[in-house]
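Below you'll find the structure, written out as structure tokens, and then a few comments.
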Amino acid sequence: MLVFIYGLFVIGSAIYFFLTWNHKHWAKRGIPFAEPSVLYGNFPSTLTQKRNIAYEHDEFYNQFKDRYNFVGCFSLRQPQYFILDAGVARDILISKFKNFHDNEFSDMIDKEKDPIFGNNPFMLKGQAWKDKRAEITPAFTQLRIKAMYPVIDDVCESLKKFIQRGKHSAINARDLCENFTTDVVSSCIYGADARALSGEKAPIREMGKKLFGTTPKIVIYFLAVQFIPSITKFVKIGFVPKNVEKFFVKLTKDAIDLRRKSNITREDYLTYLLELQAKKGISELSMASHAISFFLDGFITSSVVLSFTFYELAKSKRVQDKLRTEIRETIAKHGRITFEIAQEMPYLEQVVSENLRLNPPLSFINKKCTETCELPLTETKSATIEEGYGIILPVRSIQRDSRYYENPNDFIPERFAPEKGGTKVYKDKGCYMPFGDGPRICLGMRFAQTQMKAAIIAIVKDFEISLDPKTSPNGELDPKDFIPDIIGGIWLRFKEIKE
């Protein structure tokens, strides 16, 4: 019995020693930090999922923000730098880009096991990232997005009909917006109508959601990496299920074959991929990977941001009425809204920008220090950021910081009025970065904003949006969703306005 008890003591001591091994890490380096718990580190919800991680970042951020530009933290037992100052965040993304040019997730991806994500620019590092980005950047020029605008406009008509069919009942905003973006990206990438807004089950939408799905294997791997970061050097996993990979590769191949046989000329993303293949000889797998890069930005990111835009408009009748007036006056002046006109509607731009400030598509960005450097810890002292360590940029916390924004938790589009400098004033400070910033800013940003604006114009013009009682009154973020959503969903009512 004594041997058994002694054995338990030894095992327990070994586990405790392992979990607390790093706890003196920041003290040894003279970096301010908060004492971590033995098992959870500084962010318990990583394991418990009792709250959305954004709220724990907010609390940690507010604890230190008035004293330091960054501090040390622990994600479970992994030491990471936590950024507290917008100017330092801007330097990491722009002026010191060479010191932080990789995303932390890059080390987890295996190109052989996961060719879809393994060739995605977001996941790539160094020269491989530069090469892939150079391939895909020309697809998102203003000219190409303009050429796709009539397709987006057509889908907006289907969106209005979808709402008209269900206008007497509450509509889940996330489902509505995912149906919309599914039809848009399916048409722009693959030249096919997914018919998600026709009430049919769209396989591409279901498979697209699985791209961001989590399995027990993925969860265990992420947790293991937090406990033992060196695992990524020896063990990498595939994040995209093989059936999903095969679906998108086949979808891309079939779309290419159909386009070649039909001799259809369209200035869409598929045409660009064909031009890229002819020029550089890229494989169909690479084409599928590029298509999914576009798909992720156009489907998931856009639908999330768009659903929150409708949510904010539903809560603010003043803003909604003001935006409707601008839309109707613009149509009265020009007859219809084209791509160019949509980009020149100032209040629409302010509404989209303010929603992106309050509800960025990702609440934080993980970077990795790729070259040791010095950053200002306080106004009078600098400290070393060590190569190989992760960096947390709490985007949502920075964009809701009262040091940079008056009434930061209120939806006030007017703060971005052109006469006040628009978003540029805040971008220059580093406190506005919903799509990141610098060389690795989201490639699909302009396309995402274009389709969002088109949908907002179509709906706000003809419908009054209000919250259904099923929507949580406090708008608390779901703790289990990496991509933000409100617990229980955003439920909206649409009342058609007769002119």
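Starting from 1 in every chain, residues are counted up; chains themselves are A, B, ... following the order of the structure tokens, and ligands are numbered from 1 as listed.
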Closest contacts (region 234-341 of chain A/region 139-147 of chain A, max 9 Å, only C-alpha atoms) as a tab-separated table:
```
residue	atom	partner	partner_atom	distance
A:Arg266	CA	A:Ala147	CA	8.2
A:Glu267	CA	A:Ala147	CA	5.8
A:Asp268	CA	A:Arg144	CA	6.8
A:Tyr269	CA	A:Ala139	CA	6.6
A:Tyr272	CA	A:Ala139	CA	6.3
A:Leu273	CA	A:Ala139	CA	8.4
A:Thr338	CA	A:Lys146	CA	8.8
A:Phe339	CA	A:Lys146	CA	5.9
A:Glu340	CA	A:Lys146	CA	7.8
```
Residues as selected, N, CA and C atoms, written as a PDB file, in the first residue's frame, can you do that?
```
ATOM      1  N   ARG A 266     -15.890  34.407 -69.230  1.00  0.00           N
ATOM      2  CA  ARG A 266     -16.353  35.165 -68.071  1.00  0.00           C
ATOM      3  C   ARG A 266     -15.137  35.650 -67.304  1.00  0.00           C
ATOM      4  N   GLU A 267     -15.166  36.889 -66.862  1.00  0.00           N
ATOM      5  CA  GLU A 267     -14.050  37.416 -66.073  1.00  0.00           C
ATOM      6  C   GLU A 267     -14.242  37.057 -64.605  1.00  0.00           C
ATOM      7  N   ASP A 268     -14.242  35.746 -64.326  1.00  0.00           N
ATOM      8  CA  ASP A 268     -14.428  35.314 -62.952  1.00  0.00           C
ATOM      9  C   ASP A 268     -13.161  34.627 -62.436  1.00  0.00           C
ATOM     10  N   TYR A 269     -13.252  34.064 -61.269  1.00  0.00           N
ATOM     11  CA  TYR A 269     -12.077  33.478 -60.630  1.00  0.00           C
ATOM     12  C   TYR A 269     -11.609  32.219 -61.362  1.00  0.00           C
ATOM     13  N   TYR A 272      -9.424  33.107 -64.176  1.00  0.00           N
ATOM     14  CA  TYR A 272      -8.082  33.452 -63.698  1.00  0.00           C
ATOM     15  C   TYR A 272      -7.261  32.195 -63.423  1.00  0.00           C
ATOM     16  N   LEU A 273      -7.868  31.196 -62.805  1.00  0.00           N
ATOM     17  CA  LEU A 273      -7.142  29.957 -62.516  1.00  0.00           C
ATOM     18  C   LEU A 273      -6.684  29.275 -63.803  1.00  0.00           C
ATOM     19  N   THR A 338     -24.193  50.495 -59.322  1.00  0.00           N
ATOM     20  CA  THR A 338     -23.159  49.677 -59.952  1.00  0.00           C
ATOM     21  C   THR A 338     -22.025  49.427 -58.954  1.00  0.00           C
ATOM     22  N   PHE A 339     -21.040  48.663 -59.392  1.00  0.00           N
ATOM     23  CA  PHE A 339     -19.884  48.394 -58.535  1.00  0.00           C
ATOM     24  C   PHE A 339     -19.225  49.693 -58.088  1.00  0.00           C
ATOM     25  N   GLU A 340     -18.988  50.597 -59.047  1.00  0.00           N
ATOM     26  CA  GLU A 340     -18.305  51.849 -58.712  1.00  0.00           C
ATOM     27  C   GLU A 340     -19.124  52.690 -57.744  1.00  0.00           C
TER      28      GLU A 340
END
```
Query raised in the report: Could you name the residues that touch region 408-418 of chain A at 8 Å or less, counting only C-alpha atoms, but leaving out those on the same chain fewer than 6 positions away, as a list in words?
Result: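 My list of contacting residues is Glu312, Ser316, Val319, Pro346, Tyr347, Gln350, Val351, Ser353, Glu354, Asn355, Leu358, Gln399, Arg400, Asp401 and Ser402 of chain A.
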Serialized selection, C-alpha atoms, as a compact mmCIF listing (two decimals), in the first residue's frame:
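Output file out04.txt follows:
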```
# COMPACT_ATOMS: atom_id res chain seq x y z
CA GLU A 312 -26.17 45.78 -35.53
CA SER A 316 -30.08 50.59 -34.29
CA VAL A 319 -28.49 53.90 -38.35
CA PRO A 346 -19.97 57.07 -47.68
CA TYR A 347 -22.46 56.00 -45.04
CA GLN A 350 -18.99 53.68 -42.47
CA VAL A 351 -21.57 51.05 -41.46
CA SER A 353 -16.30 49.59 -41.21
CA GLU A 354 -17.94 50.08 -37.82
CA ASN A 355 -19.30 46.54 -37.82
CA LEU A 358 -16.98 45.77 -33.28
CA GLN A 399 -10.67 47.70 -31.55
CA ARG A 400 -12.85 48.13 -28.46
CA ASP A 401 -10.26 50.05 -26.44
CA SER A 402 -11.46 53.38 -24.98
```
Query raised in the report: Neighbours of region 280-296 of chain A within 6 Å (only C-alpha atoms; same-chain residues fewer than 5 positions away dropped), as a list in words?
Result: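 The neighbour list is Ile116, Val249 and Thr252 of chain A.
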Those same residues - all heavy atoms - I'd like them written as a PDB file, in the first residue's frame.
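The result, stored in again.pdb:
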```pdb
ATOM      1  N   ILE A 116      -4.697  20.807 -49.349  1.00  0.00           N
ATOM      2  CA  ILE A 116      -5.624  21.922 -49.514  1.00  0.00           C
ATOM      3  C   ILE A 116      -5.210  23.107 -48.646  1.00  0.00           C
ATOM      4  O   ILE A 116      -4.995  24.217 -49.135  1.00  0.00           O
ATOM      5  CB  ILE A 116      -7.069  21.486 -49.171  1.00  0.00           C
ATOM      6  CG1 ILE A 116      -7.555  20.426 -50.159  1.00  0.00           C
ATOM      7  CG2 ILE A 116      -7.996  22.686 -49.160  1.00  0.00           C
ATOM      8  CD1 ILE A 116      -7.681  20.913 -51.591  1.00  0.00           C
ATOM      9  N   VAL A 249     -11.645  19.072 -54.984  1.00  0.00           N
ATOM     10  CA  VAL A 249     -10.780  18.804 -56.132  1.00  0.00           C
ATOM     11  C   VAL A 249     -11.627  18.407 -57.338  1.00  0.00           C
ATOM     12  O   VAL A 249     -11.418  18.897 -58.460  1.00  0.00           O
ATOM     13  CB  VAL A 249      -9.753  17.704 -55.805  1.00  0.00           C
ATOM     14  CG1 VAL A 249      -9.012  17.264 -57.072  1.00  0.00           C
ATOM     15  CG2 VAL A 249      -8.742  18.198 -54.772  1.00  0.00           C
ATOM     16  N   THR A 252     -13.565  21.435 -58.686  1.00  0.00           N
ATOM     17  CA  THR A 252     -12.688  22.306 -59.483  1.00  0.00           C
ATOM     18  C   THR A 252     -12.421  21.680 -60.851  1.00  0.00           C
ATOM     19  O   THR A 252     -12.501  22.369 -61.882  1.00  0.00           O
ATOM     20  CB  THR A 252     -11.357  22.540 -58.750  1.00  0.00           C
ATOM     21  OG1 THR A 252     -11.613  23.060 -57.447  1.00  0.00           O
ATOM     22  CG2 THR A 252     -10.484  23.530 -59.517  1.00  0.00           C
TER      23      THR A 252
END
```
Pick out each residue of region 226-475 of chain A that DSSP on the backbone tags as alpha helix (DSSP H); I need them as a short mmCIF file (atom, residue, chain, number, x, y, z; two decimals) with N, CA and C atoms, in the first residue's frame.
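This went into result-v6.cif:
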```cif
data_model
loop_
_atom_site.label_atom_id
_atom_site.label_comp_id
_atom_site.auth_asym_id
_atom_site.auth_seq_id
_atom_site.Cartn_x
_atom_site.Cartn_y
_atom_site.Cartn_z
N GLN A 226 -0.27 23.02 -27.35
CA GLN A 226 -0.21 24.03 -26.30
C GLN A 226 0.62 23.56 -25.10
N PHE A 227 0.53 22.26 -24.82
CA PHE A 227 1.29 21.70 -23.70
C PHE A 227 2.75 21.44 -24.09
N ILE A 231 6.03 19.40 -30.40
CA ILE A 231 5.33 18.33 -31.12
C ILE A 231 5.23 18.65 -32.61
N THR A 232 5.08 19.93 -32.95
CA THR A 232 4.90 20.31 -34.36
C THR A 232 6.11 19.96 -35.22
N LYS A 233 7.27 19.76 -34.58
CA LYS A 233 8.47 19.40 -35.34
C LYS A 233 8.43 17.94 -35.80
N PHE A 234 7.66 17.15 -35.08
CA PHE A 234 7.66 15.71 -35.35
C PHE A 234 6.31 15.17 -35.82
N LYS A 242 -10.51 13.86 -45.86
CA LYS A 242 -10.23 13.42 -47.22
C LYS A 242 -11.46 13.51 -48.12
N ASN A 243 -12.65 13.21 -47.57
CA ASN A 243 -13.85 13.29 -48.42
C ASN A 243 -14.13 14.73 -48.83
N VAL A 244 -13.79 15.70 -47.95
CA VAL A 244 -13.96 17.12 -48.29
C VAL A 244 -12.93 17.53 -49.34
N GLU A 245 -11.69 17.08 -49.16
CA GLU A 245 -10.64 17.37 -50.14
C GLU A 245 -11.03 16.84 -51.51
N LYS A 246 -11.48 15.60 -51.57
CA LYS A 246 -11.88 14.99 -52.86
C LYS A 246 -13.04 15.74 -53.49
N PHE A 247 -13.99 16.20 -52.65
CA PHE A 247 -15.14 16.93 -53.16
C PHE A 247 -14.70 18.20 -53.88
N PHE A 248 -13.83 18.99 -53.25
CA PHE A 248 -13.43 20.27 -53.84
C PHE A 248 -12.49 20.08 -55.03
N VAL A 249 -11.64 19.07 -54.98
CA VAL A 249 -10.78 18.80 -56.13
C VAL A 249 -11.63 18.41 -57.34
N LYS A 250 -12.61 17.54 -57.11
CA LYS A 250 -13.50 17.11 -58.21
C LYS A 250 -14.34 18.29 -58.71
N LEU A 251 -14.83 19.11 -57.78
CA LEU A 251 -15.62 20.26 -58.16
C LEU A 251 -14.82 21.21 -59.06
N THR A 252 -13.56 21.43 -58.69
CA THR A 252 -12.69 22.31 -59.48
C THR A 252 -12.42 21.68 -60.85
N LYS A 253 -12.12 20.38 -60.88
CA LYS A 253 -11.82 19.69 -62.14
C LYS A 253 -13.04 19.71 -63.07
N ASP A 254 -14.22 19.44 -62.52
CA ASP A 254 -15.43 19.43 -63.35
C ASP A 254 -15.73 20.82 -63.90
N ALA A 255 -15.50 21.85 -63.07
CA ALA A 255 -15.75 23.22 -63.53
C ALA A 255 -14.80 23.61 -64.64
N ILE A 256 -13.54 23.19 -64.51
CA ILE A 256 -12.54 23.46 -65.54
C ILE A 256 -12.89 22.77 -66.85
N ASP A 257 -13.27 21.52 -66.75
CA ASP A 257 -13.63 20.75 -67.95
C ASP A 257 -14.83 21.37 -68.65
N LEU A 258 -15.83 21.76 -67.87
CA LEU A 258 -17.03 22.36 -68.45
C LEU A 258 -16.72 23.69 -69.11
N ARG A 259 -15.88 24.51 -68.46
CA ARG A 259 -15.53 25.81 -69.02
C ARG A 259 -14.77 25.64 -70.34
N ARG A 260 -13.88 24.69 -70.41
CA ARG A 260 -13.10 24.47 -71.63
C ARG A 260 -13.98 23.97 -72.77
N LYS A 261 -14.93 23.11 -72.44
CA LYS A 261 -15.80 22.54 -73.48
C LYS A 261 -16.80 23.58 -73.99
N SER A 262 -17.26 24.44 -73.11
CA SER A 262 -18.31 25.39 -73.49
C SER A 262 -17.78 26.64 -74.17
N TYR A 269 -13.25 34.06 -61.27
CA TYR A 269 -12.08 33.48 -60.63
C TYR A 269 -11.61 32.22 -61.36
N LEU A 270 -12.55 31.47 -61.90
CA LEU A 270 -12.20 30.25 -62.64
C LEU A 270 -11.37 30.59 -63.88
N THR A 271 -11.75 31.65 -64.57
CA THR A 271 -10.98 32.10 -65.74
C THR A 271 -9.56 32.45 -65.32
N TYR A 272 -9.42 33.11 -64.18
CA TYR A 272 -8.08 33.45 -63.70
C TYR A 272 -7.26 32.20 -63.42
N LEU A 273 -7.87 31.20 -62.81
CA LEU A 273 -7.14 29.96 -62.52
C LEU A 273 -6.68 29.27 -63.80
N LEU A 274 -7.51 29.31 -64.83
CA LEU A 274 -7.14 28.72 -66.12
C LEU A 274 -5.98 29.50 -66.74
N GLU A 275 -6.01 30.81 -66.62
CA GLU A 275 -4.90 31.63 -67.13
C GLU A 275 -3.62 31.34 -66.36
N LEU A 276 -3.75 31.14 -65.05
CA LEU A 276 -2.60 30.84 -64.21
C LEU A 276 -2.01 29.48 -64.56
N GLN A 277 -2.88 28.52 -64.83
CA GLN A 277 -2.40 27.19 -65.21
C GLN A 277 -1.66 27.24 -66.55
N ALA A 278 -2.21 27.99 -67.48
CA ALA A 278 -1.57 28.11 -68.80
C ALA A 278 -0.21 28.80 -68.69
N LYS A 279 -0.11 29.75 -67.78
CA LYS A 279 1.11 30.53 -67.65
C LYS A 279 2.18 29.81 -66.83
N LYS A 280 1.76 29.16 -65.73
CA LYS A 280 2.74 28.57 -64.81
C LYS A 280 2.66 27.06 -64.70
N GLU A 284 -3.90 20.67 -60.89
CA GLU A 284 -5.31 20.82 -60.53
C GLU A 284 -5.48 20.88 -59.02
N LEU A 285 -4.59 20.21 -58.29
CA LEU A 285 -4.65 20.27 -56.83
C LEU A 285 -4.34 21.68 -56.34
N SER A 286 -3.35 22.33 -56.98
CA SER A 286 -3.03 23.72 -56.62
C SER A 286 -4.19 24.65 -56.99
N MET A 287 -4.83 24.36 -58.12
CA MET A 287 -5.99 25.16 -58.52
C MET A 287 -7.12 25.01 -57.50
N ALA A 288 -7.32 23.78 -57.03
CA ALA A 288 -8.35 23.54 -56.02
C ALA A 288 -8.02 24.27 -54.73
N SER A 289 -6.73 24.28 -54.37
CA SER A 289 -6.30 24.97 -53.16
C SER A 289 -6.54 26.48 -53.28
N HIS A 290 -6.21 27.05 -54.45
CA HIS A 290 -6.46 28.47 -54.67
C HIS A 290 -7.96 28.77 -54.62
N ALA A 291 -8.77 27.86 -55.20
CA ALA A 291 -10.22 28.05 -55.21
C ALA A 291 -10.75 28.06 -53.78
N ILE A 292 -10.21 27.18 -52.94
CA ILE A 292 -10.67 27.13 -51.56
C ILE A 292 -10.23 28.36 -50.78
N SER A 293 -9.05 28.93 -51.10
CA SER A 293 -8.63 30.18 -50.47
C SER A 293 -9.68 31.27 -50.72
N PHE A 294 -10.13 31.36 -51.95
CA PHE A 294 -11.17 32.31 -52.32
C PHE A 294 -12.48 31.95 -51.61
N PHE A 295 -12.79 30.66 -51.60
CA PHE A 295 -14.03 30.18 -51.01
C PHE A 295 -14.11 30.52 -49.52
N LEU A 296 -13.01 30.32 -48.80
CA LEU A 296 -12.99 30.58 -47.36
C LEU A 296 -13.26 32.04 -47.05
N SER A 302 -17.19 36.24 -44.96
CA SER A 302 -18.22 37.21 -45.39
C SER A 302 -19.56 36.94 -44.72
N SER A 303 -19.95 35.68 -44.60
CA SER A 303 -21.25 35.37 -44.01
C SER A 303 -21.30 35.75 -42.54
N VAL A 304 -20.20 35.54 -41.82
CA VAL A 304 -20.15 35.90 -40.40
C VAL A 304 -20.26 37.41 -40.23
N VAL A 305 -19.44 38.15 -40.97
CA VAL A 305 -19.44 39.61 -40.85
C VAL A 305 -20.79 40.18 -41.30
N LEU A 306 -21.36 39.64 -42.37
CA LEU A 306 -22.64 40.13 -42.88
C LEU A 306 -23.75 39.89 -41.86
N SER A 307 -23.77 38.72 -41.23
CA SER A 307 -24.82 38.43 -40.24
C SER A 307 -24.73 39.39 -39.06
N PHE A 308 -23.51 39.75 -38.65
CA PHE A 308 -23.36 40.71 -37.55
C PHE A 308 -23.74 42.12 -38.01
N THR A 309 -23.54 42.44 -39.28
CA THR A 309 -23.96 43.75 -39.78
C THR A 309 -25.47 43.89 -39.68
N PHE A 310 -26.20 42.86 -40.11
CA PHE A 310 -27.66 42.89 -39.99
C PHE A 310 -28.09 42.96 -38.52
N TYR A 311 -27.33 42.29 -37.68
CA TYR A 311 -27.60 42.32 -36.23
C TYR A 311 -27.47 43.74 -35.68
N GLU A 312 -26.38 44.41 -36.02
CA GLU A 312 -26.17 45.78 -35.53
C GLU A 312 -27.21 46.73 -36.10
N LEU A 313 -27.57 46.56 -37.37
CA LEU A 313 -28.59 47.41 -37.97
C LEU A 313 -29.95 47.18 -37.32
N ALA A 314 -30.24 45.93 -36.98
CA ALA A 314 -31.51 45.62 -36.33
C ALA A 314 -31.61 46.28 -34.96
N LYS A 315 -30.48 46.41 -34.29
CA LYS A 315 -30.45 47.04 -32.96
C LYS A 315 -30.51 48.56 -33.03
N LYS A 317 -32.21 51.45 -35.08
CA LYS A 317 -33.15 51.96 -36.10
C LYS A 317 -32.61 53.24 -36.71
N ARG A 318 -31.95 54.06 -35.91
CA ARG A 318 -31.42 55.33 -36.41
C ARG A 318 -30.44 55.09 -37.55
N VAL A 319 -29.49 54.20 -37.32
CA VAL A 319 -28.49 53.90 -38.35
C VAL A 319 -29.14 53.26 -39.56
N GLN A 320 -30.05 52.33 -39.31
CA GLN A 320 -30.72 51.64 -40.41
C GLN A 320 -31.50 52.61 -41.30
N ASP A 321 -32.24 53.53 -40.68
CA ASP A 321 -33.02 54.51 -41.44
C ASP A 321 -32.11 55.44 -42.23
N LYS A 322 -31.01 55.87 -41.61
CA LYS A 322 -30.07 56.77 -42.29
C LYS A 322 -29.44 56.07 -43.48
N LEU A 323 -29.10 54.80 -43.32
CA LEU A 323 -28.50 54.05 -44.43
C LEU A 323 -29.52 53.84 -45.54
N ARG A 324 -30.76 53.55 -45.19
CA ARG A 324 -31.80 53.35 -46.20
C ARG A 324 -32.00 54.63 -47.01
N THR A 325 -31.95 55.75 -46.35
CA THR A 325 -32.09 57.03 -47.05
C THR A 325 -30.97 57.22 -48.06
N GLU A 326 -29.73 56.91 -47.66
CA GLU A 326 -28.61 57.04 -48.59
C GLU A 326 -28.79 56.11 -49.79
N ILE A 327 -29.20 54.87 -49.54
CA ILE A 327 -29.38 53.89 -50.63
C ILE A 327 -30.43 54.38 -51.61
N ARG A 328 -31.57 54.82 -51.10
CA ARG A 328 -32.66 55.23 -51.98
C ARG A 328 -32.32 56.52 -52.74
N GLU A 329 -31.65 57.44 -52.08
CA GLU A 329 -31.25 58.67 -52.77
C GLU A 329 -30.22 58.38 -53.86
N THR A 330 -29.34 57.43 -53.60
CA THR A 330 -28.33 57.06 -54.60
C THR A 330 -28.98 56.43 -55.82
N ILE A 331 -29.98 55.56 -55.58
CA ILE A 331 -30.69 54.92 -56.70
C ILE A 331 -31.49 55.97 -57.47
N ALA A 332 -32.10 56.89 -56.76
CA ALA A 332 -32.88 57.95 -57.43
C ALA A 332 -31.97 58.81 -58.31
N LYS A 333 -30.75 59.01 -57.88
CA LYS A 333 -29.81 59.85 -58.62
C LYS A 333 -29.22 59.12 -59.83
N HIS A 334 -28.87 57.83 -59.65
CA HIS A 334 -28.15 57.11 -60.70
C HIS A 334 -29.00 56.08 -61.44
N PHE A 339 -21.04 48.66 -59.39
CA PHE A 339 -19.88 48.39 -58.54
C PHE A 339 -19.22 49.69 -58.09
N GLU A 340 -18.99 50.60 -59.05
CA GLU A 340 -18.30 51.85 -58.71
C GLU A 340 -19.12 52.69 -57.74
N ILE A 341 -20.43 52.76 -57.97
CA ILE A 341 -21.28 53.59 -57.11
C ILE A 341 -21.34 53.02 -55.70
N ALA A 342 -21.38 51.68 -55.58
CA ALA A 342 -21.43 51.04 -54.26
C ALA A 342 -20.20 51.38 -53.43
N GLN A 343 -19.06 51.54 -54.11
CA GLN A 343 -17.82 51.86 -53.39
C GLN A 343 -17.75 53.32 -52.97
N PRO A 346 -20.73 56.85 -48.92
CA PRO A 346 -19.97 57.07 -47.68
C PRO A 346 -20.57 56.43 -46.44
N TYR A 347 -21.90 56.53 -46.28
CA TYR A 347 -22.46 56.00 -45.04
C TYR A 347 -22.46 54.47 -45.05
N LEU A 348 -22.67 53.87 -46.20
CA LEU A 348 -22.56 52.41 -46.31
C LEU A 348 -21.16 51.96 -45.91
N GLU A 349 -20.15 52.67 -46.38
CA GLU A 349 -18.77 52.35 -46.03
C GLU A 349 -18.56 52.47 -44.52
N GLN A 350 -19.14 53.48 -43.91
CA GLN A 350 -18.99 53.68 -42.47
C GLN A 350 -19.67 52.56 -41.68
N VAL A 351 -20.83 52.13 -42.14
CA VAL A 351 -21.57 51.05 -41.46
C VAL A 351 -20.77 49.75 -41.51
N VAL A 352 -20.25 49.42 -42.69
CA VAL A 352 -19.45 48.20 -42.83
C VAL A 352 -18.19 48.28 -41.97
N SER A 353 -17.54 49.43 -41.98
CA SER A 353 -16.30 49.59 -41.21
C SER A 353 -16.55 49.50 -39.71
N GLU A 354 -17.65 50.11 -39.24
CA GLU A 354 -17.94 50.08 -37.82
C GLU A 354 -18.29 48.67 -37.35
N ASN A 355 -19.01 47.92 -38.20
CA ASN A 355 -19.30 46.54 -37.82
C ASN A 355 -18.03 45.69 -37.76
N LEU A 356 -17.12 45.91 -38.71
CA LEU A 356 -15.85 45.19 -38.70
C LEU A 356 -15.01 45.55 -37.47
N ARG A 357 -15.16 46.77 -36.98
CA ARG A 357 -14.46 47.16 -35.75
C ARG A 357 -15.03 46.41 -34.55
N LEU A 358 -16.35 46.42 -34.42
CA LEU A 358 -16.98 45.77 -33.28
C LEU A 358 -16.93 44.25 -33.37
N VAL A 395 -7.15 41.42 -31.56
CA VAL A 395 -7.77 42.39 -32.47
C VAL A 395 -9.03 43.00 -31.86
N ARG A 396 -9.91 42.15 -31.39
CA ARG A 396 -11.19 42.64 -30.85
C ARG A 396 -10.97 43.55 -29.64
N SER A 397 -10.04 43.19 -28.78
CA SER A 397 -9.77 44.00 -27.59
C SER A 397 -9.22 45.37 -27.97
N ILE A 398 -8.30 45.40 -28.94
CA ILE A 398 -7.72 46.67 -29.39
C ILE A 398 -8.78 47.55 -30.04
N GLN A 399 -9.65 46.93 -30.83
CA GLN A 399 -10.67 47.70 -31.55
C GLN A 399 -11.83 48.14 -30.66
N LYS A 424 -8.64 55.45 -42.14
CA LYS A 424 -7.20 55.65 -42.26
C LYS A 424 -6.57 56.15 -40.96
N VAL A 425 -7.26 57.05 -40.28
CA VAL A 425 -6.74 57.60 -39.03
C VAL A 425 -6.46 56.48 -38.03
N TYR A 426 -7.38 55.53 -37.98
CA TYR A 426 -7.25 54.44 -37.01
C TYR A 426 -6.27 53.37 -37.50
N LYS A 427 -6.23 53.14 -38.80
CA LYS A 427 -5.25 52.20 -39.34
C LYS A 427 -3.83 52.68 -39.07
N ASP A 428 -3.63 53.99 -39.23
CA ASP A 428 -2.30 54.56 -38.99
C ASP A 428 -1.87 54.39 -37.53
N LYS A 429 -2.83 54.37 -36.63
CA LYS A 429 -2.52 54.15 -35.21
C LYS A 429 -2.33 52.67 -34.89
N MET A 445 -10.12 40.44 -48.91
CA MET A 445 -10.79 41.53 -48.20
C MET A 445 -11.71 42.34 -49.11
N ARG A 446 -11.21 42.76 -50.25
CA ARG A 446 -12.01 43.62 -51.12
C ARG A 446 -13.22 42.89 -51.70
N PHE A 447 -13.02 41.63 -52.06
CA PHE A 447 -14.15 40.86 -52.58
C PHE A 447 -15.20 40.65 -51.49
N ALA A 448 -14.74 40.31 -50.27
CA ALA A 448 -15.66 40.09 -49.15
C ALA A 448 -16.50 41.35 -48.90
N GLN A 449 -15.84 42.51 -48.88
CA GLN A 449 -16.57 43.75 -48.62
C GLN A 449 -17.52 44.09 -49.76
N THR A 450 -17.14 43.75 -50.98
CA THR A 450 -17.99 44.04 -52.14
C THR A 450 -19.30 43.26 -52.07
N GLN A 451 -19.22 41.96 -51.79
CA GLN A 451 -20.46 41.19 -51.74
C GLN A 451 -21.30 41.54 -50.51
N MET A 452 -20.64 41.92 -49.42
CA MET A 452 -21.39 42.36 -48.24
C MET A 452 -22.17 43.63 -48.55
N LYS A 453 -21.50 44.59 -49.19
CA LYS A 453 -22.17 45.85 -49.52
C LYS A 453 -23.36 45.62 -50.44
N ALA A 454 -23.19 44.74 -51.41
CA ALA A 454 -24.28 44.46 -52.35
C ALA A 454 -25.49 43.88 -51.61
N ALA A 455 -25.24 42.96 -50.68
CA ALA A 455 -26.34 42.35 -49.92
C ALA A 455 -27.01 43.37 -49.01
N ILE A 456 -26.24 44.21 -48.37
CA ILE A 456 -26.79 45.23 -47.46
C ILE A 456 -27.67 46.21 -48.24
N ILE A 457 -27.19 46.64 -49.41
CA ILE A 457 -27.97 47.55 -50.26
C ILE A 457 -29.31 46.91 -50.62
N ALA A 458 -29.26 45.66 -51.08
CA ALA A 458 -30.48 44.98 -51.53
C ALA A 458 -31.50 44.82 -50.42
N ILE A 459 -31.05 44.48 -49.23
CA ILE A 459 -31.98 44.19 -48.14
C ILE A 459 -32.47 45.46 -47.44
N VAL A 460 -31.56 46.36 -47.10
CA VAL A 460 -31.96 47.56 -46.35
C VAL A 460 -32.87 48.46 -47.19
N LYS A 461 -32.67 48.45 -48.50
CA LYS A 461 -33.53 49.27 -49.37
C LYS A 461 -35.00 48.88 -49.22
N ASP A 462 -35.29 47.59 -49.15
CA ASP A 462 -36.67 47.13 -49.23
C ASP A 462 -37.23 46.49 -47.96
#
```
Query - Pick from A:Gly118, A:Pro394, A:Gly166, A:Gly72, whichever lies nearest to His57 (chain A) using only C-alpha atoms - result: A:Pro394
Requested in this report: Apply DSSP to the backbone of this structure and, from region 176-417 of chain A, keep only the residues in strand (DSSP E or B); write these as a PyMOL selection string.
Outcome: chain A and resi 237+365-368+373-376+382-385+390-393
Query raised in the report: If you count only C-alpha atoms, which residues fall within 7 Å of region 201-212 of chain A, apart from same-chain ones fewer than 3 positions away, as a PyMOL selection string?
Result: chain A and resi 182+194-196+240+244
Query raised in the report: Of the candidates A:Cys73, A:Leu375, A:Ile53, A:Val151, which shows the shortest atom-to-atom distance to Asn99 (chain A), using only C-alpha atoms?
Result: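 Closest residue, counting only C-alpha atoms: A:Leu375.
Atom pair CA of Arg29 (chain A) / CA of Lys98 (chain A): separated by 23.2 Å.
Proximity of A:Ser466, A:Thr378, A:Gln49, A:Thr384 to Tyr68 (chain A), computed with only C-alpha atoms, is greatest for A:Thr378.
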Report task. Select, from A:Glu35, A:Glu371, A:Asp153, A:Asp107, the residue with the minimum atom-to-atom distance to Thr181 (chain A), counting only C-alpha atoms. Result -> A:Asp153
